[in-house]
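This is target07.csv. It holds CSV, C-alpha atoms.
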```
chain,number,residue,atom,x,y,z
O,1,MET,CA,17.0,13.8,9.0
O,2,THR,CA,20.3,13.1,7.3
O,3,PRO,CA,21.5,16.2,5.3
O,4,ARG,CA,21.1,15.8,1.6
O,5,PRO,CA,24.6,15.3,0.2
O,6,SER,CA,26.1,16.5,-3.1
O,7,ALA,CA,26.4,14.1,-6.0
O,8,PRO,CA,29.4,11.7,-5.6
O,9,ASP,CA,32.3,11.8,-8.0
O,10,ALA,CA,33.3,8.7,-10.0
O,11,ALA,CA,35.5,7.2,-7.3
O,12,GLU,CA,32.9,7.7,-4.6
O,13,ARG,CA,30.2,6.2,-6.9
O,14,SER,CA,32.4,3.1,-7.5
O,15,ALA,CA,33.0,2.8,-3.7
O,16,LEU,CA,29.3,3.0,-2.9
O,17,ALA,CA,28.6,0.4,-5.6
O,18,ALA,CA,31.1,-1.8,-3.9
O,19,LEU,CA,29.5,-1.3,-0.5
O,20,THR,CA,26.2,-2.6,-1.8
O,21,ARG,CA,28.0,-6.0,-2.4
O,22,ILE,CA,30.1,-5.8,0.8
O,23,ALA,CA,27.6,-4.8,3.5
O,24,GLU,CA,24.0,-5.8,4.1
O,25,PRO,CA,21.4,-3.2,3.4
O,26,GLY,CA,20.7,-0.6,6.1
O,27,ASP,CA,23.7,-1.4,8.2
O,28,GLN,CA,23.9,1.6,10.5
O,29,THR,CA,27.5,0.9,11.6
O,30,VAL,CA,28.7,1.1,8.0
O,31,SER,CA,26.6,4.2,7.5
O,32,ARG,CA,28.4,5.8,10.5
O,33,TRP,CA,31.8,4.9,8.9
O,34,LEU,CA,30.6,6.6,5.7
O,35,GLU,CA,29.8,9.7,7.5
O,36,THR,CA,33.2,9.8,9.2
O,37,TYR,CA,35.5,8.6,6.5
O,38,GLY,CA,33.6,8.8,3.2
O,39,PRO,CA,32.9,5.8,0.9
O,40,SER,CA,36.3,5.7,-0.8
O,41,GLU,CA,38.3,5.5,2.4
O,42,VAL,CA,36.0,2.9,3.9
O,43,VAL,CA,36.4,0.6,0.9
O,44,ARG,CA,40.1,1.3,0.7
O,45,ARG,CA,40.5,0.2,4.3
O,46,LEU,CA,38.5,-2.9,3.7
O,47,GLN,CA,40.5,-3.9,0.6
O,48,LYS,CA,43.9,-3.0,1.8
O,49,GLY,CA,43.8,-4.6,5.3
O,50,GLY,CA,44.6,-3.3,8.7
O,51,ALA,CA,42.5,-2.7,11.7
O,52,GLY,CA,38.9,-1.5,11.4
O,53,PRO,CA,37.5,1.8,12.5
O,54,PRO,CA,36.9,2.4,16.2
O,55,GLY,CA,34.0,0.5,17.5
O,56,SER,CA,34.2,-2.3,14.9
O,57,SER,CA,34.7,-5.8,16.2
O,58,LYS,CA,37.6,-7.8,14.7
O,59,ARG,CA,35.3,-10.7,13.7
O,60,ARG,CA,32.9,-8.4,11.8
O,61,TRP,CA,35.6,-6.4,10.2
O,62,GLU,CA,37.2,-9.6,8.9
O,63,GLY,CA,33.9,-10.8,7.5
O,64,LEU,CA,33.4,-7.6,5.6
O,65,ARG,CA,37.0,-7.8,4.3
O,66,LEU,CA,36.2,-11.3,2.8
O,67,ARG,CA,33.4,-9.8,0.8
O,68,ALA,CA,35.5,-6.7,-0.1
O,69,ALA,CA,38.1,-8.9,-1.6
O,70,LYS,CA,35.5,-10.2,-4.1
O,71,ALA,CA,33.8,-6.9,-4.9
O,72,ARG,CA,34.1,-5.8,-8.5
O,73,PRO,CA,32.1,-2.6,-8.7
O,74,GLU,CA,33.2,-1.9,-12.3
O,75,ALA,CA,31.7,-5.2,-13.4
O,76,ASP,CA,28.5,-4.5,-11.5
O,77,LEU,CA,28.2,-1.0,-13.0
O,78,ALA,CA,28.8,-2.5,-16.5
O,79,ALA,CA,26.2,-5.1,-15.8
O,80,ILE,CA,23.5,-2.6,-14.9
O,81,ALA,CA,24.4,-0.5,-17.9
O,82,ALA,CA,24.0,-3.5,-20.2
O,83,LEU,CA,20.4,-3.9,-18.8
O,84,GLY,CA,19.7,-0.3,-19.6
O,85,GLY,CA,19.7,0.6,-16.0
O,86,ARG,CA,21.8,2.8,-13.6
O,87,PHE,CA,23.2,3.0,-10.1
O,88,LEU,CA,21.7,5.9,-8.1
O,89,CYS,CA,23.5,7.5,-5.2
O,90,PRO,CA,22.3,10.0,-2.5
O,91,GLY,CA,22.8,13.4,-4.0
O,92,ASP,CA,22.0,12.4,-7.6
O,93,GLY,CA,19.3,14.4,-9.3
O,94,GLU,CA,17.1,11.2,-9.6
O,95,TRP,CA,17.6,10.2,-5.9
O,96,PRO,CA,14.2,10.3,-4.1
O,97,GLY,CA,14.8,12.7,-1.2
O,98,GLN,CA,12.2,10.9,1.0
O,99,LEU,CA,14.6,8.0,1.4
O,100,ASP,CA,16.8,10.3,3.5
O,101,ASP,CA,14.2,10.1,6.2
O,102,LEU,CA,15.7,6.6,7.0
O,103,GLY,CA,18.7,8.3,8.5
O,104,LEU,CA,21.5,5.8,9.1
O,105,SER,CA,19.4,3.1,7.5
O,106,ARG,CA,19.3,4.9,4.2
O,107,PRO,CA,20.5,2.8,1.3
O,108,TYR,CA,24.1,3.3,0.2
O,109,GLY,CA,22.7,3.5,-3.3
O,110,LEU,CA,20.0,2.0,-5.5
O,111,TRP,CA,20.3,-0.2,-8.6
O,112,VAL,CA,17.5,0.8,-11.0
O,113,ARG,CA,16.2,-0.8,-14.1
O,114,GLY,CA,13.7,1.0,-16.3
O,115,ALA,CA,13.4,4.3,-18.2
O,116,PRO,CA,11.3,6.6,-16.0
O,117,SER,CA,12.7,8.9,-13.3
O,118,LEU,CA,12.4,7.2,-9.9
O,119,ARG,CA,12.4,10.6,-8.1
O,120,PHE,CA,9.4,11.9,-10.1
O,121,TRP,CA,7.5,8.6,-9.9
O,122,ALA,CA,8.0,8.4,-6.2
O,123,LEU,CA,6.6,11.9,-5.6
O,124,ARG,CA,3.0,10.6,-6.1
O,125,SER,CA,3.3,6.9,-5.0
O,126,VAL,CA,1.4,4.5,-2.7
O,127,ALA,CA,2.6,1.1,-1.5
O,128,VAL,CA,0.1,-1.7,-1.9
O,129,VAL,CA,1.3,-4.8,0.1
O,130,GLY,CA,-0.2,-7.9,1.7
O,131,ALA,CA,-0.1,-11.6,2.1
O,132,ARG,CA,1.6,-14.0,-0.3
O,133,ALA,CA,-1.0,-16.8,0.3
O,134,CYS,CA,-3.9,-14.5,-0.2
O,135,THR,CA,-7.6,-15.2,-1.0
O,136,ASP,CA,-9.4,-14.4,-4.3
O,137,TYR,CA,-11.0,-11.5,-2.4
O,138,GLY,CA,-7.6,-10.1,-1.6
O,139,MET,CA,-6.3,-10.5,-5.2
O,140,HIS,CA,-9.4,-8.8,-6.5
O,141,VAL,CA,-9.2,-5.9,-4.1
O,142,ALA,CA,-5.5,-5.3,-4.6
O,143,ALA,CA,-5.8,-5.3,-8.4
O,144,ALA,CA,-8.8,-3.0,-8.4
O,145,LEU,CA,-7.3,-0.7,-5.9
O,146,SER,CA,-4.1,-0.4,-7.8
O,147,ALA,CA,-5.8,0.0,-11.2
O,148,GLY,CA,-7.8,2.9,-9.6
O,149,LEU,CA,-4.8,4.5,-8.2
O,150,ALA,CA,-3.0,4.2,-11.5
O,151,ALA,CA,-6.0,5.8,-13.2
O,152,HIS,CA,-5.7,8.7,-10.8
O,153,GLY,CA,-2.1,9.2,-11.8
O,154,TRP,CA,-0.5,7.6,-8.8
O,155,THR,CA,2.5,5.2,-8.9
O,156,VAL,CA,1.8,1.8,-7.3
O,157,VAL,CA,4.8,0.4,-5.4
O,158,SER,CA,5.1,-3.2,-4.1
O,159,GLY,CA,7.6,-6.0,-3.7
O,160,ALA,CA,6.9,-8.2,-6.8
O,161,ALA,CA,6.1,-11.2,-4.5
O,162,TYR,CA,3.3,-13.7,-5.0
O,163,GLY,CA,-0.2,-12.8,-3.8
O,164,ILE,CA,-1.1,-9.2,-3.1
O,165,ASP,CA,2.2,-7.8,-4.4
O,166,GLY,CA,1.7,-9.4,-7.8
O,167,ALA,CA,-2.0,-8.4,-8.0
O,168,ALA,CA,-1.0,-4.8,-7.2
O,169,HIS,CA,1.6,-4.7,-10.1
O,170,ARG,CA,-0.8,-6.3,-12.5
O,171,GLY,CA,-3.6,-4.0,-11.6
O,172,ALA,CA,-1.4,-0.9,-12.3
O,173,LEU,CA,0.0,-2.3,-15.5
O,174,GLY,CA,-3.4,-3.4,-16.7
O,175,ALA,CA,-4.6,0.2,-16.3
O,176,GLY,CA,-1.6,1.5,-18.2
O,177,GLY,CA,-0.3,3.1,-15.1
O,178,ALA,CA,3.0,3.4,-13.3
O,179,THR,CA,4.4,0.8,-11.0
O,180,VAL,CA,7.7,0.2,-9.2
O,181,GLY,CA,8.9,-3.2,-7.9
O,182,VAL,CA,11.3,-3.0,-5.0
O,183,LEU,CA,13.3,-6.3,-5.0
O,184,ALA,CA,15.2,-8.2,-2.3
O,185,CYS,CA,17.7,-9.4,-4.9
O,186,GLY,CA,19.4,-8.0,-8.0
O,187,VAL,CA,17.3,-6.3,-10.7
O,188,ASP,CA,18.5,-8.8,-13.2
O,189,ALA,CA,17.0,-11.7,-11.2
O,190,ALA,CA,13.5,-13.2,-11.8
O,191,TYR,CA,12.5,-13.8,-8.2
O,192,PRO,CA,10.1,-15.4,-7.4
O,193,PRO,CA,10.6,-17.5,-10.6
O,194,GLY,CA,6.8,-17.7,-11.2
O,195,HIS,CA,6.8,-13.9,-11.6
O,196,ALA,CA,9.4,-13.9,-14.3
O,197,ASP,CA,7.0,-12.4,-16.9
O,198,LEU,CA,5.6,-9.9,-14.4
O,199,ILE,CA,9.1,-8.7,-13.4
O,200,ARG,CA,10.0,-8.4,-17.1
O,201,ARG,CA,6.9,-6.3,-17.8
O,202,THR,CA,7.6,-4.2,-14.8
O,203,ALA,CA,11.1,-3.5,-16.0
O,204,GLU,CA,9.8,-2.7,-19.5
O,205,TYR,CA,6.9,-0.4,-18.6
O,206,GLY,CA,7.8,0.6,-15.0
O,207,LEU,CA,10.8,0.4,-12.7
O,208,LEU,CA,12.6,-2.2,-10.8
O,209,VAL,CA,14.6,-1.1,-7.8
O,210,ALA,CA,17.1,-2.9,-5.5
O,211,GLU,CA,19.7,-2.2,-2.9
O,212,LEU,CA,21.7,-5.2,-4.0
O,213,PRO,CA,23.9,-5.3,-7.1
O,214,PRO,CA,23.1,-7.5,-10.2
O,215,GLY,CA,23.4,-11.2,-9.6
O,216,SER,CA,22.5,-11.0,-5.8
O,217,HIS,CA,20.2,-13.5,-4.4
O,218,PRO,CA,17.4,-12.9,-1.8
O,219,THR,CA,17.5,-14.0,1.8
O,220,ARG,CA,14.9,-13.8,4.6
O,221,SER,CA,16.6,-10.9,6.2
O,222,ARG,CA,16.8,-9.0,2.9
O,223,PHE,CA,13.1,-9.3,2.4
O,224,VAL,CA,12.5,-7.6,5.8
O,225,LEU,CA,15.1,-4.9,5.1
O,226,ARG,CA,13.5,-4.3,1.7
O,227,ASN,CA,10.3,-3.3,3.4
O,228,ARG,CA,11.8,-0.1,4.9
O,229,VAL,CA,12.6,1.1,1.4
O,230,ILE,CA,9.0,0.6,0.3
O,231,ALA,CA,7.7,2.4,3.3
O,232,ALA,CA,10.0,5.4,2.9
O,233,LEU,CA,9.7,5.7,-0.9
O,234,THR,CA,5.9,6.2,-0.8
O,235,ARG,CA,3.4,8.7,0.7
O,236,GLY,CA,1.4,5.9,2.3
O,237,THR,CA,1.1,2.1,2.6
O,238,VAL,CA,-2.1,0.1,2.1
O,239,VAL,CA,-2.2,-3.4,3.5
O,240,VAL,CA,-4.6,-5.8,1.8
O,241,GLU,CA,-4.8,-9.1,3.8
O,242,ALA,CA,-2.2,-9.9,6.3
O,243,GLU,CA,-1.9,-12.3,9.2
O,244,VAL,CA,-1.0,-11.0,12.7
O,245,ARG,CA,2.7,-11.9,12.0
O,246,SER,CA,3.3,-10.5,8.6
O,247,GLY,CA,6.1,-8.7,6.7
O,248,SER,CA,3.4,-6.4,5.3
O,249,LEU,CA,2.6,-5.2,8.8
O,250,VAL,CA,6.4,-4.5,9.3
O,251,THR,CA,6.2,-2.3,6.2
O,252,ALA,CA,3.1,-0.5,7.6
O,253,ARG,CA,4.6,0.1,11.0
O,254,ARG,CA,7.8,1.4,9.4
O,255,ALA,CA,5.7,3.7,7.3
O,256,ARG,CA,3.9,4.9,10.5
O,257,ASP,CA,7.3,5.6,12.2
O,258,LEU,CA,8.3,7.7,9.2
O,259,ASN,CA,5.1,9.7,9.5
O,260,ARG,CA,3.6,8.2,6.3
O,261,VAL,CA,-0.1,7.4,6.0
O,262,VAL,CA,-1.0,3.8,7.0
O,263,MET,CA,-4.1,2.3,5.6
O,264,GLY,CA,-5.8,-1.1,5.6
O,265,VAL,CA,-8.6,-2.8,3.7
O,266,PRO,CA,-11.0,-4.7,6.0
O,267,GLY,CA,-11.9,-8.3,5.3
O,268,PRO,CA,-14.0,-11.1,6.8
O,269,VAL,CA,-13.7,-11.4,10.5
O,270,THR,CA,-13.5,-15.2,10.1
O,271,SER,CA,-10.4,-15.0,8.0
O,272,GLY,CA,-6.9,-15.2,9.6
O,273,LEU,CA,-5.7,-13.2,6.6
O,274,SER,CA,-7.8,-10.3,7.8
O,275,ALA,CA,-6.7,-10.5,11.4
O,276,GLY,CA,-3.5,-8.5,10.9
O,277,VAL,CA,-5.2,-5.8,9.0
O,278,HIS,CA,-7.9,-5.4,11.6
O,279,ARG,CA,-5.3,-5.2,14.3
O,280,LEU,CA,-3.5,-2.5,12.3
O,281,LEU,CA,-6.8,-0.6,12.1
O,282,GLN,CA,-7.6,-1.0,15.8
O,283,HIS,CA,-4.3,-0.6,17.5
O,284,ASP,CA,-1.6,0.8,15.1
O,285,GLY,CA,-3.2,3.9,13.8
O,286,GLY,CA,-4.3,2.6,10.4
O,287,CYS,CA,-7.0,4.3,8.4
O,288,LEU,CA,-9.8,2.1,6.9
O,289,VAL,CA,-10.0,2.4,3.1
O,290,THR,CA,-12.2,0.6,0.6
O,291,ASP,CA,-11.5,2.2,-2.7
O,292,PRO,CA,-8.9,4.3,-4.6
O,293,ASP,CA,-10.7,7.6,-3.9
O,294,GLU,CA,-10.4,7.1,-0.2
O,295,VAL,CA,-6.6,6.4,-0.5
O,296,VAL,CA,-6.1,9.5,-2.6
O,297,GLU,CA,-8.0,11.6,-0.1
O,298,LEU,CA,-5.6,10.5,2.6
O,299,VAL,CA,-2.3,10.8,0.7
O,300,GLY,CA,-3.1,13.5,-1.8
O,301,GLU,CA,-3.1,17.2,-1.8
O,302,MET,CA,-5.7,19.5,-0.3
O,303,GLY,CA,-8.9,19.2,-2.3
O,304,ASP,CA,-8.5,15.5,-3.2
O,305,ILE,CA,-11.7,14.6,-1.5
O,306,ALA,CA,-13.3,11.2,-2.0
O,307,PRO,CA,-16.9,11.4,-3.2
O,308,ASP,CA,-19.7,10.5,-0.8
O,309,PRO,CA,-20.8,6.9,-1.5
O,310,GLU,CA,-24.0,6.7,-3.5
O,311,VAL,CA,-26.9,5.5,-1.3
O,312,PRO,CA,-29.8,4.0,-3.3
O,313,VAL,CA,-33.1,5.9,-2.9
O,314,LEU,CA,-36.1,3.8,-2.4
O,315,PRO,CA,-39.6,5.0,-3.4
O,316,ARG,CA,-40.7,5.0,0.2
O,317,ASP,CA,-37.8,7.3,1.0
O,318,LEU,CA,-39.6,10.1,-0.9
O,319,LEU,CA,-42.9,9.8,1.0
O,320,PRO,CA,-44.0,12.6,3.4
O,321,PRO,CA,-43.4,11.8,7.1
O,322,GLU,CA,-47.1,11.3,7.8
O,323,ALA,CA,-47.6,8.9,4.9
O,324,ALA,CA,-44.5,7.0,5.8
O,325,ARG,CA,-45.8,6.5,9.4
O,326,VAL,CA,-49.1,5.2,8.1
O,327,LEU,CA,-47.3,2.8,5.7
O,328,GLU,CA,-45.0,1.6,8.5
O,329,ALA,CA,-48.1,0.9,10.6
O,330,LEU,CA,-49.6,-1.6,8.1
O,331,PRO,CA,-49.0,-5.3,9.0
O,332,ALA,CA,-46.6,-7.1,6.7
O,333,ARG,CA,-49.0,-10.0,5.9
O,334,ALA,CA,-52.5,-9.0,7.2
O,335,ALA,CA,-55.1,-6.3,6.6
O,336,ALA,CA,-56.0,-3.5,9.0
O,337,THR,CA,-58.7,-1.0,9.5
O,338,VAL,CA,-58.4,2.8,9.5
O,339,GLY,CA,-59.0,2.8,13.3
O,340,ARG,CA,-56.2,0.3,14.0
O,341,LEU,CA,-53.8,2.2,11.8
O,342,ALA,CA,-54.7,5.5,13.4
O,343,ALA,CA,-53.7,4.1,16.8
O,344,ALA,CA,-50.6,2.4,15.5
O,345,SER,CA,-49.3,5.5,13.7
O,346,ALA,CA,-50.5,8.1,16.3
O,347,THR,CA,-52.3,9.9,13.4
O,348,PRO,CA,-56.0,11.1,13.4
O,349,ALA,CA,-58.3,8.7,11.5
O,350,ASP,CA,-59.2,11.3,8.9
O,351,ARG,CA,-55.6,12.0,8.0
O,352,VAL,CA,-54.9,8.2,7.9
O,353,LEU,CA,-57.6,7.8,5.3
O,354,VAL,CA,-56.2,10.7,3.2
O,355,ARG,CA,-52.7,9.1,3.3
O,356,LEU,CA,-54.1,5.6,2.5
O,357,HIS,CA,-55.7,6.9,-0.6
O,358,GLU,CA,-52.4,8.5,-1.6
O,359,LEU,CA,-50.5,5.3,-0.9
O,360,ARG,CA,-53.0,3.3,-3.0
O,361,ALA,CA,-52.6,5.7,-5.9
O,362,LEU,CA,-48.8,5.2,-5.6
O,363,GLY,CA,-49.1,1.5,-5.6
O,364,PHE,CA,-48.1,0.8,-2.0
O,365,VAL,CA,-51.4,-0.5,-0.6
O,366,GLY,CA,-54.6,-2.2,-1.7
O,367,SER,CA,-58.1,-2.1,-0.1
O,368,ALA,CA,-61.4,-3.8,0.0
O,369,GLY,CA,-64.2,-2.1,2.0
O,370,GLU,CA,-62.7,-0.9,5.3
O,371,ARG,CA,-59.6,-3.1,5.2
O,372,TRP,CA,-56.3,-2.0,3.9
O,373,TRP,CA,-53.1,-4.1,3.2
O,374,LEU,CA,-49.6,-3.9,1.7
O,375,LEU,CA,-49.3,-4.7,-1.9
O,376,ASP,CA,-45.6,-5.4,-1.5
O,377,PRO,CA,-44.8,-7.5,1.6
O,378,SER,CA,-41.0,-7.2,1.0
O,379,PRO,CA,-38.8,-6.4,4.0
O,380,ARG,CA,-39.1,-2.8,5.3
O,381,ALA,CA,-36.4,-0.2,4.8
O,382,ASP,CA,-35.4,-0.4,8.5
O,383,GLY,CA,-34.9,-4.2,8.3
O,384,GLY,CA,-38.1,-5.0,10.1
O,385,PRO,CA,-40.4,-7.8,9.1
```
Rewritten as structure tokens:
Amino acid sequence: MTPRPSAPDAAERSALAALTRIAEPGDQTVSRWLETYGPSEVVRRLQKGGAGPPGSSKRRWEGLRLRAAKARPEADLAAIAALGGRFLCPGDGEWPGQLDDLGLSRPYGLWVRGAPSLRFWALRSVAVVGARACTDYGMHVAAALSAGLAAHGWTVVSGAAYGIDGAAHRGALGAGGATVGVLACGVDAAYPPGHADLIRRTAEYGLLVAELPPGSHPTRSRFVLRNRVIAALTRGTVVVEAEVRSGSLVTARRARDLNRVVMGVPGPVTSGLSAGVHRLLQHDGGCLVTDPDEVVELVGEMGDIAPDPEVPVLPRDLLPPEAARVLEALPARAAATVGRLAAASATPADRVLVRLHELRALGFVGSAGERWWLLDPSPRADGGP
């Protein structure tokens, strides 16, 4: 684990802000430079010219220098302040310490929009992720799961994308709970455009978090890199619908590698959108969950135990064993004699007769002379005819 640093001074904060525009998120080579030289020296070398640090290729160094020439950290810091946000660095009081588990892939800093403390909200947080092109079943499950987690006092973290992500944020917001959107662009950008209102509401009532400075646009690789932050920020990740090749499974596997709890909600075996979740459960150490209580039991503190599911009690469940045997021996749609029932239930005839009278008083059977029959020919409790 990377040692927790002290809070940066103003010059180092400005340099780290510049690096979020110069380098791609999670660049381990840049992180090594930071460990060796510090952020101010790395940015100075990039802006002033000269050869790169040992181990850096000339082509890569020159590419970073092109970005460094355009970096204006003061403008970015002013832009986030105008949004009512802030730029967090490792060592700040609000910095979530669990992000340090990423080691050299740890963010250089985070651009945050929203009033709550990211550190405190992340202490009890769960990621709910899944397919963009999800089914109505997936949308319903994600929203209900997130609303339940929010009602339990847990923060729901997701990526603000279409599909499961959006349902997760809406579920938490609808329950009046906490939610964090981790973006692959700047926190001032409404991406995807169809979620402009959802992103606005998340910023107003929750938190938006990004590694990229204001004005940055998303790319395919940035979506993938964003997933590691979701995985590290939370205590566990729940996947609701995912194909076998899915960014949500990347998040789940990264969470597993970080020793976080990995969970999946099962779906129809005929759906390709369930195939990835089922594979996660079968082969990648995922835990099957179906409701918020089960999630809290896995990620919560000792004593957060999910209640046993309520199993409906049928009237025949309350019968004494001997009476139940006699009842089971009766044909579904025909009458039978006491002798036949005695043989079928392996019960003496006199006991069969006693039980039949009890069953008739309880409304289970009818009789005429020596013949007895079921009054309710519905399917048996064991699924038999």
Point out the residue among O:Glu301, O:Ala122, O:Arg355, O:Ala342 with the least atom-to-atom distance to Leu319 of chain O, counting all atoms listed in the file. O:Arg355
Near segment 263-269 of chain O, within 7 Å and counting only C-alpha atoms, which residues show up once chain neighbours fewer than 3 positions away are dropped, as an mmCIF file with C-alpha atoms, keeping the file's coordinate frame?
```cif
data_model
loop_
_atom_site.group_PDB
_atom_site.id
_atom_site.type_symbol
_atom_site.label_atom_id
_atom_site.label_comp_id
_atom_site.auth_asym_id
_atom_site.auth_seq_id
_atom_site.Cartn_x
_atom_site.Cartn_y
_atom_site.Cartn_z
ATOM 1 C CA THR O 237 1.100 2.100 2.600
ATOM 2 C CA VAL O 238 -2.100 0.100 2.100
ATOM 3 C CA VAL O 239 -2.200 -3.400 3.500
ATOM 4 C CA VAL O 240 -4.600 -5.800 1.800
ATOM 5 C CA SER O 274 -7.800 -10.300 7.800
ATOM 6 C CA VAL O 277 -5.200 -5.800 9.000
ATOM 7 C CA HIS O 278 -7.900 -5.400 11.600
ATOM 8 C CA LEU O 281 -6.800 -0.600 12.100
ATOM 9 C CA GLY O 286 -4.300 2.600 10.400
ATOM 10 C CA CYS O 287 -7.000 4.300 8.400
ATOM 11 C CA LEU O 288 -9.800 2.100 6.900
ATOM 12 C CA VAL O 289 -10.000 2.400 3.100
ATOM 13 C CA THR O 290 -12.200 0.600 0.600
#
```
d(atom CA of Ala10 of chain O, atom CA of Arg72 of chain O) in Å: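 So the answer is 14.6 Å.
Nearest residue to Gly109 of chain O, choosing from O:Val338, O:Ile80, O:Leu16, O:Val352 and counting only C-alpha atoms: O:Leu16.
Note that atom CA of Arg13 of chain O and atom CA of Arg60 of chain O are 23.9 Å apart.
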Please write as a list of chain:residue names the list of polymer residues whose atoms come within 10 Å of (-49.6, -9.2, 9.2), counting all atoms listed in the file and keeping to the coordinates of the file. O:Leu330, O:Pro331, O:Ala332, O:Arg333, O:Ala334, O:Ala335, O:Ala336, O:Trp373, O:Leu374, O:Pro377, O:Pro385
Nearest to Ala18 of chain O, chosen from O:Pro214, O:Ala51, O:Ala133, O:Tyr162, with all atoms listed in the file counted in the distances: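 Looking only at the distances to Ala18 of chain O, the closest residue turns out to be O:Pro214.
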Between O:Tyr205, O:Trp121, O:Phe87, O:Phe364, which has the minimum distance to Pro107 of chain O (counting all atoms listed in the file)? O:Phe87
Given only C-alpha atoms as the counted atoms, nearest of O:Ser14, O:Val126, O:Tyr37, O:Arg119 to Ala75 of chain O: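 So, comparing all the options, the nearest one is O:Ser14.
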Using all atoms listed in the file, can you tell me which of O:Leu66, O:Ala349, O:Ala131, O:Ala151 comes closest to Gly272 of chain O? O:Ala131
How big is the axis-aligned box, and where does its centre sit, when it encloses all atoms of segment 64-82 of chain O listed in the file and has 3 Å added on every side, reported in Å to one decimal as lines of an AutoDock Vina configuration file?
```
center_x = 30.8
center_y = -5.9
center_z = -7.3
size_x = 20.6
size_y = 16.8
size_z = 31.8
```
Rounded to one decimal, what separation in Å do you get between atom CA of Ala168 of chain O and atom CA of Trp154 of chain O?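 Interatomic distance here is 12.5 Å.
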